[in-house]
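Notes follow once the structure below has been shown.
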Amino acid sequence: MNCGNNQVFWAFALDLYAVPGAQNALLTVQDAHGGDVMAVLWALAASAEGRRLSQSDIAAYSDATTAAAQAAIDCRLVRRRLKSGPEAAYKAAKADELAAERAVAASAPDPFEAGTPSPDHVNELAAFNLALFLDALTPPVLPTLRKTLIGLPTAQKA
């Protein structure tokens with residue numbers, strides 16, 4: 001179940017992506033490790049809400065977002081091919097990629113209700129929740145990158 005097409009999660013994701021250092025860390029997870037930026041943002045959103053995720057929550061996320069995530073990957077490939085092409089084509093491809101990422105957010109279970117409530121500190125939850133996604137990546141995500149992701153300021157949802 002998602003929260004009204006996950007508009008709150010989408011706003012959270014955009015705000016967190018704009019934090020200095022976040023874009024670089026998230027794109028490193030994506031480009032160097034084959035990770036899903038929206039999955040990382042989803043895990044961090046759950047952490048910010050004080051939620052501890054489980055493997056079944058990760059499976060629910062993956063099942064719900066598979067089609068939209070593949071569309072985002074396809075759009076990203078087109079955008080990258082057009083990077084040195086006509087500016088208008090590149091901008092259109094970039095807009096399509098952003099729309100596809102928004103579709104991932106809209107497809108995802110509500111991260112603010114996923115998992116179970118936990119009294120753990122947000123950084124402990126972020127480390128735990130992120131590990132559910134990051135531990136499956138190859139090559140392994142280095143501890144310094146994990147620390148950067150865990151340290152991103154994750155204010156409570158709007």
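A note on labels: chains of the structure tokens are A, B, ... as shown, every chain counts residues from 1, and ligands are counted from 1 in their shown order.
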
Inset, instruction - Might you pull out every residue within 12 Å of Ala95 (chain A), with only C-alpha atoms counted and same-chain residues fewer than 4 positions away left off, and present them as a PyMOL selection string? - result: chain A and resi 72+75-76+78-79+88-91+99-102

Write the residues of the selection above to a file with N, CA and C atoms, as a compact mmCIF listing (two decimals), in the first residue's frame.
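Heads up, here's the output in part-v1.txt:
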```txt
# COMPACT_ATOMS: atom_id res chain seq x y z
N ALA A 72 12.86 3.36 -15.30
CA ALA A 72 13.83 4.39 -14.91
C ALA A 72 15.22 4.03 -15.45
N CYS A 75 15.21 4.77 -19.17
CA CYS A 75 15.28 6.21 -19.40
C CYS A 75 16.69 6.74 -19.12
N ARG A 76 17.33 6.20 -18.09
CA ARG A 76 18.69 6.63 -17.75
C ARG A 76 19.64 6.30 -18.89
N VAL A 78 18.94 6.03 -22.08
CA VAL A 78 18.67 6.97 -23.17
C VAL A 78 19.30 8.32 -22.87
N ARG A 79 19.10 8.81 -21.64
CA ARG A 79 19.66 10.11 -21.27
C ARG A 79 21.18 10.11 -21.41
N ALA A 88 18.24 19.88 -26.40
CA ALA A 88 16.80 19.70 -26.20
C ALA A 88 16.46 18.21 -26.00
N ALA A 89 17.12 17.36 -26.75
CA ALA A 89 16.88 15.92 -26.61
C ALA A 89 17.36 15.43 -25.24
N TYR A 90 18.52 15.92 -24.82
CA TYR A 90 19.05 15.54 -23.51
C TYR A 90 18.10 15.99 -22.39
N LYS A 91 17.62 17.23 -22.46
CA LYS A 91 16.69 17.74 -21.44
C LYS A 91 15.40 16.93 -21.41
N ALA A 99 10.63 11.54 -14.32
CA ALA A 99 9.25 11.05 -14.25
C ALA A 99 9.22 9.55 -13.92
N ALA A 100 10.15 8.81 -14.47
CA ALA A 100 10.22 7.37 -14.18
C ALA A 100 10.61 7.13 -12.72
N GLU A 101 11.52 7.94 -12.19
CA GLU A 101 11.89 7.81 -10.78
C GLU A 101 10.70 8.16 -9.89
N ARG A 102 9.92 9.14 -10.31
CA ARG A 102 8.71 9.48 -9.54
C ARG A 102 7.71 8.33 -9.58
```

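Between CA of Lys94 (chain A) and CA of Ile58 (chain A) there is a distance of 27.5 Å.
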
Inset, instruction - Enumerate, as a PyMOL selection string, the complete set of residues in region 8-153 of chain A that a backbone-based DSSP assignment places in helix (DSSP H, G or I). - result: chain A and resi 8-17+22-33+37-48+55-82+87-107+122-134+143-151

Hey, can you spit out that residue selection with C-alpha atoms as a CSV table (one decimal), in the first residue's frame?
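Output file selection_2.csv is given in full below:
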```
chain,number,residue,atom,x,y,z
A,8,VAL,CA,5.3,12.6,0.9
A,9,PHE,CA,7.9,10.1,0.2
A,10,TRP,CA,8.7,11.8,-3.2
A,11,ALA,CA,9.1,15.1,-1.4
A,12,PHE,CA,11.3,13.5,1.2
A,13,ALA,CA,13.4,11.9,-1.5
A,14,LEU,CA,13.9,15.2,-3.4
A,15,ASP,CA,14.8,17.0,-0.2
A,16,LEU,CA,17.3,14.4,0.8
A,17,TYR,CA,18.8,14.2,-2.7
A,22,ALA,CA,23.9,13.1,-1.1
A,23,GLN,CA,23.8,13.1,-4.9
A,24,ASN,CA,27.4,12.0,-5.1
A,25,ALA,CA,26.9,9.2,-2.6
A,26,LEU,CA,23.7,8.0,-4.1
A,27,LEU,CA,25.0,8.0,-7.7
A,28,THR,CA,28.1,6.1,-6.5
A,29,VAL,CA,25.8,3.4,-5.1
A,30,GLN,CA,24.0,3.4,-8.5
A,31,ASP,CA,26.9,3.7,-10.9
A,32,ALA,CA,29.7,1.8,-9.1
A,33,HIS,CA,27.6,-0.8,-7.4
A,37,VAL,CA,18.9,5.1,-5.6
A,38,MET,CA,15.1,5.1,-4.9
A,39,ALA,CA,15.6,2.0,-2.7
A,40,VAL,CA,18.2,3.7,-0.7
A,41,LEU,CA,16.0,6.8,-0.3
A,42,TRP,CA,13.1,4.5,0.7
A,43,ALA,CA,15.2,2.8,3.4
A,44,LEU,CA,16.3,6.2,4.7
A,45,ALA,CA,12.8,7.5,4.8
A,46,ALA,CA,11.7,4.5,6.8
A,47,SER,CA,14.7,5.1,9.2
A,48,ALA,CA,13.7,8.8,9.6
A,55,GLN,CA,13.6,-8.9,4.3
A,56,SER,CA,9.9,-9.2,3.6
A,57,ASP,CA,9.7,-5.4,3.5
A,58,ILE,CA,12.5,-5.3,0.9
A,59,ALA,CA,10.7,-8.0,-1.1
A,60,ALA,CA,7.5,-6.0,-1.0
A,61,TYR,CA,9.4,-2.9,-2.2
A,62,SER,CA,11.1,-4.8,-5.0
A,63,ASP,CA,7.9,-6.5,-6.1
A,64,ALA,CA,6.0,-3.2,-6.1
A,65,THR,CA,8.6,-1.2,-8.0
A,66,THR,CA,10.1,-3.7,-10.5
A,67,ALA,CA,8.3,-2.3,-13.6
A,68,ALA,CA,8.8,1.4,-12.7
A,69,ALA,CA,12.5,0.8,-11.7
A,70,GLN,CA,13.1,-0.9,-15.1
A,71,ALA,CA,11.5,2.0,-16.9
A,72,ALA,CA,13.8,4.4,-14.9
A,73,ILE,CA,16.9,2.3,-15.9
A,74,ASP,CA,15.8,2.4,-19.6
A,75,CYS,CA,15.3,6.2,-19.4
A,76,ARG,CA,18.7,6.6,-17.7
A,77,LEU,CA,20.4,4.7,-20.6
A,78,VAL,CA,18.7,7.0,-23.2
A,79,ARG,CA,19.7,10.1,-21.3
A,80,ARG,CA,23.3,9.0,-21.0
A,81,ARG,CA,23.4,8.3,-24.8
A,82,LEU,CA,22.0,11.7,-25.5
A,87,GLU,CA,20.6,19.8,-25.7
A,88,ALA,CA,16.8,19.7,-26.2
A,89,ALA,CA,16.9,15.9,-26.6
A,90,TYR,CA,19.0,15.5,-23.5
A,91,LYS,CA,16.7,17.7,-21.4
A,92,ALA,CA,13.7,15.7,-22.6
A,93,ALA,CA,15.4,12.5,-21.7
A,94,LYS,CA,16.3,13.9,-18.3
A,95,ALA,CA,12.7,14.9,-17.7
A,96,ASP,CA,11.6,11.4,-18.7
A,97,GLU,CA,14.1,9.8,-16.3
A,98,LEU,CA,12.8,12.0,-13.4
A,99,ALA,CA,9.2,11.0,-14.2
A,100,ALA,CA,10.2,7.4,-14.2
A,101,GLU,CA,11.9,7.8,-10.8
A,102,ARG,CA,8.7,9.5,-9.5
A,103,ALA,CA,6.8,6.4,-10.8
A,104,VAL,CA,9.1,4.3,-8.7
A,105,ALA,CA,8.2,6.4,-5.6
A,106,ALA,CA,4.5,6.2,-6.5
A,107,SER,CA,4.7,2.4,-6.8
A,122,VAL,CA,17.8,7.0,13.4
A,123,ASN,CA,21.5,6.3,12.5
A,124,GLU,CA,21.2,2.8,13.9
A,125,LEU,CA,18.0,2.2,11.9
A,126,ALA,CA,19.6,3.7,8.7
A,127,ALA,CA,22.6,1.3,9.1
A,128,PHE,CA,20.3,-1.7,9.5
A,129,ASN,CA,17.8,-0.7,6.8
A,130,LEU,CA,20.5,0.2,4.3
A,131,ALA,CA,22.3,-3.0,4.9
A,132,LEU,CA,19.3,-4.9,3.6
A,133,PHE,CA,19.8,-3.3,0.2
A,134,LEU,CA,23.5,-2.6,0.1
A,143,PRO,CA,32.3,1.4,4.8
A,144,THR,CA,33.1,5.0,4.0
A,145,LEU,CA,30.2,5.2,1.6
A,146,ARG,CA,27.9,3.5,4.0
A,147,LYS,CA,28.9,6.0,6.7
A,148,THR,CA,28.1,8.9,4.3
A,149,LEU,CA,24.7,7.5,3.5
A,150,ILE,CA,23.9,6.8,7.2
A,151,GLY,CA,25.0,10.3,8.1
```

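Going from CA of Asp36 (chain A) to CA of Pro111 (chain A) covers 15.2 Å.
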